[in-house]
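Colleague: Structure file protein23.tsv (TSV, C-alpha atoms) right here:
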```
chain	number	residue	atom	x	y	z
Z	78	MET	CA	-82.76	-63.06	21.16
Z	79	SER	CA	-84.39	-62.87	17.71
Z	80	THR	CA	-87.09	-65.30	18.89
Z	81	THR	CA	-87.89	-62.90	21.71
Z	82	ILE	CA	-88.04	-59.94	19.32
Z	83	SER	CA	-90.20	-61.87	16.92
Z	84	THR	CA	-92.56	-62.90	19.74
Z	85	LEU	CA	-92.67	-59.33	21.03
Z	86	PHE	CA	-93.46	-58.01	17.55
Z	87	HIS	CA	-96.34	-60.45	17.15
Z	88	GLU	CA	-97.70	-59.38	20.52
Z	89	VAL	CA	-97.41	-55.71	19.53
Z	90	GLU	CA	-99.30	-56.46	16.30
Z	91	ARG	CA	-102.29	-57.46	18.41
Z	92	LEU	CA	-102.50	-54.07	20.14
Z	93	ASP	CA	-105.21	-51.61	19.22
Z	94	ASN	CA	-103.99	-48.23	17.92
Z	95	ARG	CA	-104.32	-46.46	21.27
Z	96	SER	CA	-102.33	-49.16	23.07
Z	97	LEU	CA	-99.81	-49.22	20.22
Z	98	ASP	CA	-99.28	-45.45	20.58
Z	99	ILE	CA	-98.73	-45.84	24.33
Z	100	PHE	CA	-96.30	-48.69	23.70
Z	101	ILE	CA	-94.37	-46.64	21.12
Z	102	ASP	CA	-94.21	-43.66	23.50
Z	103	ASN	CA	-92.85	-45.90	26.26
Z	104	VAL	CA	-90.23	-47.44	23.95
Z	105	MET	CA	-89.16	-43.98	22.74
Z	106	SER	CA	-88.91	-42.75	26.34
Z	107	LEU	CA	-86.75	-45.75	27.18
Z	108	ARG	CA	-84.50	-44.99	24.20
Z	109	VAL	CA	-84.10	-41.35	25.23
Z	110	ARG	CA	-83.31	-42.32	28.85
Z	111	ARG	CA	-80.63	-44.71	27.65
Z	112	GLU	CA	-79.08	-42.12	25.34
Z	113	VAL	CA	-79.08	-39.45	28.06
Z	114	SER	CA	-77.58	-41.88	30.53
Z	115	ASN	CA	-74.86	-42.82	28.04
Z	116	GLN	CA	-74.15	-39.14	27.30
Z	117	GLN	CA	-73.92	-38.40	31.02
Z	118	ARG	CA	-71.39	-41.23	31.45
Z	119	GLN	CA	-69.37	-39.92	28.49
Z	120	GLU	CA	-69.46	-36.37	29.89
Z	121	ALA	CA	-68.37	-37.56	33.34
Z	122	LEU	CA	-65.45	-39.49	31.84
Z	123	LEU	CA	-64.38	-36.52	29.71
Z	124	LEU	CA	-64.64	-34.12	32.68
Z	125	GLU	CA	-62.48	-36.48	34.73
Z	126	LYS	CA	-59.86	-36.48	31.97
Z	127	ILE	CA	-60.08	-32.69	31.54
Z	128	ASN	CA	-59.44	-32.19	35.26
Z	129	LYS	CA	-56.50	-34.59	35.42
Z	130	SER	CA	-53.31	-32.95	36.63
Z	131	LEU	CA	-49.88	-33.81	37.94
Z	132	PRO	CA	-49.75	-35.22	41.47
Z	133	LEU	CA	-49.44	-32.46	44.08
Z	134	LYS	CA	-45.82	-33.44	44.93
Z	135	GLN	CA	-44.82	-33.02	41.28
Z	136	VAL	CA	-46.64	-29.67	41.03
Z	137	GLU	CA	-44.83	-28.42	44.12
Z	138	ARG	CA	-41.51	-29.71	42.81
Z	139	PHE	CA	-42.14	-28.04	39.44
Z	140	ARG	CA	-42.83	-24.71	41.15
Z	141	MET	CA	-39.73	-24.98	43.30
Z	142	LEU	CA	-37.52	-25.88	40.34
Z	143	ASN	CA	-39.01	-23.10	38.23
Z	144	LYS	CA	-38.34	-20.60	41.02
Z	145	LYS	CA	-34.73	-21.78	41.14
Z	146	ARG	CA	-34.55	-21.38	37.37
Z	147	LEU	CA	-35.77	-17.80	37.64
Z	148	ASP	CA	-33.27	-17.16	40.45
Z	149	GLU	CA	-30.57	-18.74	38.25
Z	150	THR	CA	-29.63	-21.25	40.97
Z	151	LEU	CA	-30.75	-24.38	39.12
Z	152	THR	CA	-28.26	-27.26	38.81
Z	153	ALA	CA	-27.92	-29.30	35.60
Z	154	SER	CA	-29.70	-32.31	37.12
Z	155	GLU	CA	-32.50	-30.06	38.43
Z	156	TYR	CA	-32.81	-28.55	34.96
Z	157	ASP	CA	-33.26	-32.06	33.48
Z	158	GLU	CA	-35.90	-32.80	36.12
Z	159	LEU	CA	-37.66	-29.52	35.32
Z	160	LEU	CA	-37.74	-30.43	31.61
Z	161	ILE	CA	-39.31	-33.81	32.41
Z	162	LEU	CA	-41.99	-32.17	34.56
Z	163	LEU	CA	-42.60	-29.54	31.88
Z	164	GLU	CA	-43.03	-32.26	29.26
Z	165	LYS	CA	-45.54	-34.07	31.50
Z	166	THR	CA	-47.46	-30.82	32.01
Z	167	GLU	CA	-47.52	-30.10	28.27
Z	168	LYS	CA	-48.80	-33.62	27.56
Z	169	LEU	CA	-51.59	-33.17	30.14
Z	170	ASN	CA	-52.53	-29.82	28.58
Z	171	THR	CA	-52.57	-31.31	25.08
Z	172	ASN	CA	-54.85	-34.10	26.28
Z	173	ARG	CA	-57.00	-31.56	28.14
Z	174	VAL	CA	-57.61	-29.63	24.91
Z	175	LYS	CA	-58.41	-32.87	23.07
Z	176	HIS	CA	-60.95	-33.85	25.75
Z	177	LEU	CA	-62.41	-30.33	25.85
Z	178	SER	CA	-62.98	-30.59	22.11
Z	179	ALA	CA	-64.68	-33.98	22.47
Z	180	LEU	CA	-66.93	-32.68	25.26
Z	181	ALA	CA	-67.81	-29.59	23.23
Z	182	ARG	CA	-68.87	-31.82	20.31
Z	183	LEU	CA	-70.92	-33.96	22.68
Z	184	ARG	CA	-72.69	-30.88	24.06
Z	185	ASN	CA	-72.94	-29.33	20.60
Z	186	VAL	CA	-71.20	-26.08	21.62
Z	187	SER	CA	-67.92	-24.44	20.67
Z	188	VAL	CA	-64.82	-25.16	22.74
Z	189	ARG	CA	-64.76	-21.49	23.74
Z	190	GLU	CA	-68.38	-21.70	24.97
Z	191	LEU	CA	-67.63	-24.92	26.85
Z	192	MET	CA	-64.65	-23.28	28.52
Z	193	LYS	CA	-66.94	-20.43	29.63
Z	194	GLN	CA	-69.45	-22.97	30.97
Z	195	LEU	CA	-66.73	-24.78	32.91
Z	196	ASP	CA	-64.95	-21.56	33.93
Z	197	ILE	CA	-61.69	-22.76	32.35
Z	198	ASN	CA	-58.89	-20.42	31.34
Z	199	LEU	CA	-56.02	-22.36	29.76
Z	200	ALA	CA	-53.66	-19.43	30.21
Z	201	ASN	CA	-53.97	-19.90	33.97
Z	202	GLY	CA	-54.18	-23.69	33.90
```
With the file now loaded, output its structure as structure tokens.
Modeller:
Amino acid sequence: MSTTISTLFHEVERLDNRSLDIFIDNVMSLRVRREVSNQQRQEALLLEKINKSLPLKQVERFRMLNKKRLDETLTASEYDELLILLEKTEKLNTNRVKHLSALARLRNVSVRELMKQLDINLANG
């Protein structure tokens, strides 16, 4: 690859100033496009992680078990199952906050501002 770069550099040396300016502008545009594309991929990945949730069956089961807990009709084994689902939910929320923070840094905004942009309210999930 260095031979190619060296050859390219020698070719660029032959350009007049106007052509050199055009070449530099094109190279800079290419660099910006690549960076934007990379940032878009990173944002998409982070948004996917932020939106990750329990499978629908587990969400429904959690709600049913929680209702039984509130009604005080929960068995010991159901209570253990509820704790496992609660732990999974807490882990997802912890990861969600971590990914929100990473996305906020990437966008150069506060987490609070990012949450406004994405219409996210952690109190409501």
Colleague: So how far away is CA of Glu158 in chain Z from CA of Glu137 in chain Z, in Å?
Modeller: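 Interatomic distance here is 12.8 Å.
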Colleague: Name the residues in contact with range 128-135 of chain Z at a cut-off of 12 Å, using only C-alpha atoms, excluding same-chain residues fewer than 6 positions from it; report them as an NGL selection string.
Modeller: :Z and (121-122 or 141-143 or 158-159 or 161-174 or 176-177 or 195 or 197 or 199 or 202)
Colleague: Would you compute the distance between CA of Arg111 in chain Z and CA of Arg91 in chain Z? Give it in Å to one decimal.
Modeller: 26.8 Å
Colleague: Between CA of Gln119 in chain Z and CA of Ala179 in chain Z, what is the distance, to one decimal in Å?
Modeller: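 Going from CA of Gln119 in chain Z over to CA of Ala179 in chain Z covers 9.7 Å.
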Colleague: Given all atoms listed in the file as the basis, pick out the residue of Z:Lys175, Z:Phe86, Z:Met192, Z:Asp98 nearest to Leu123 in chain Z.
Modeller: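 Nearest to Leu123 in chain Z: Z:Lys175.
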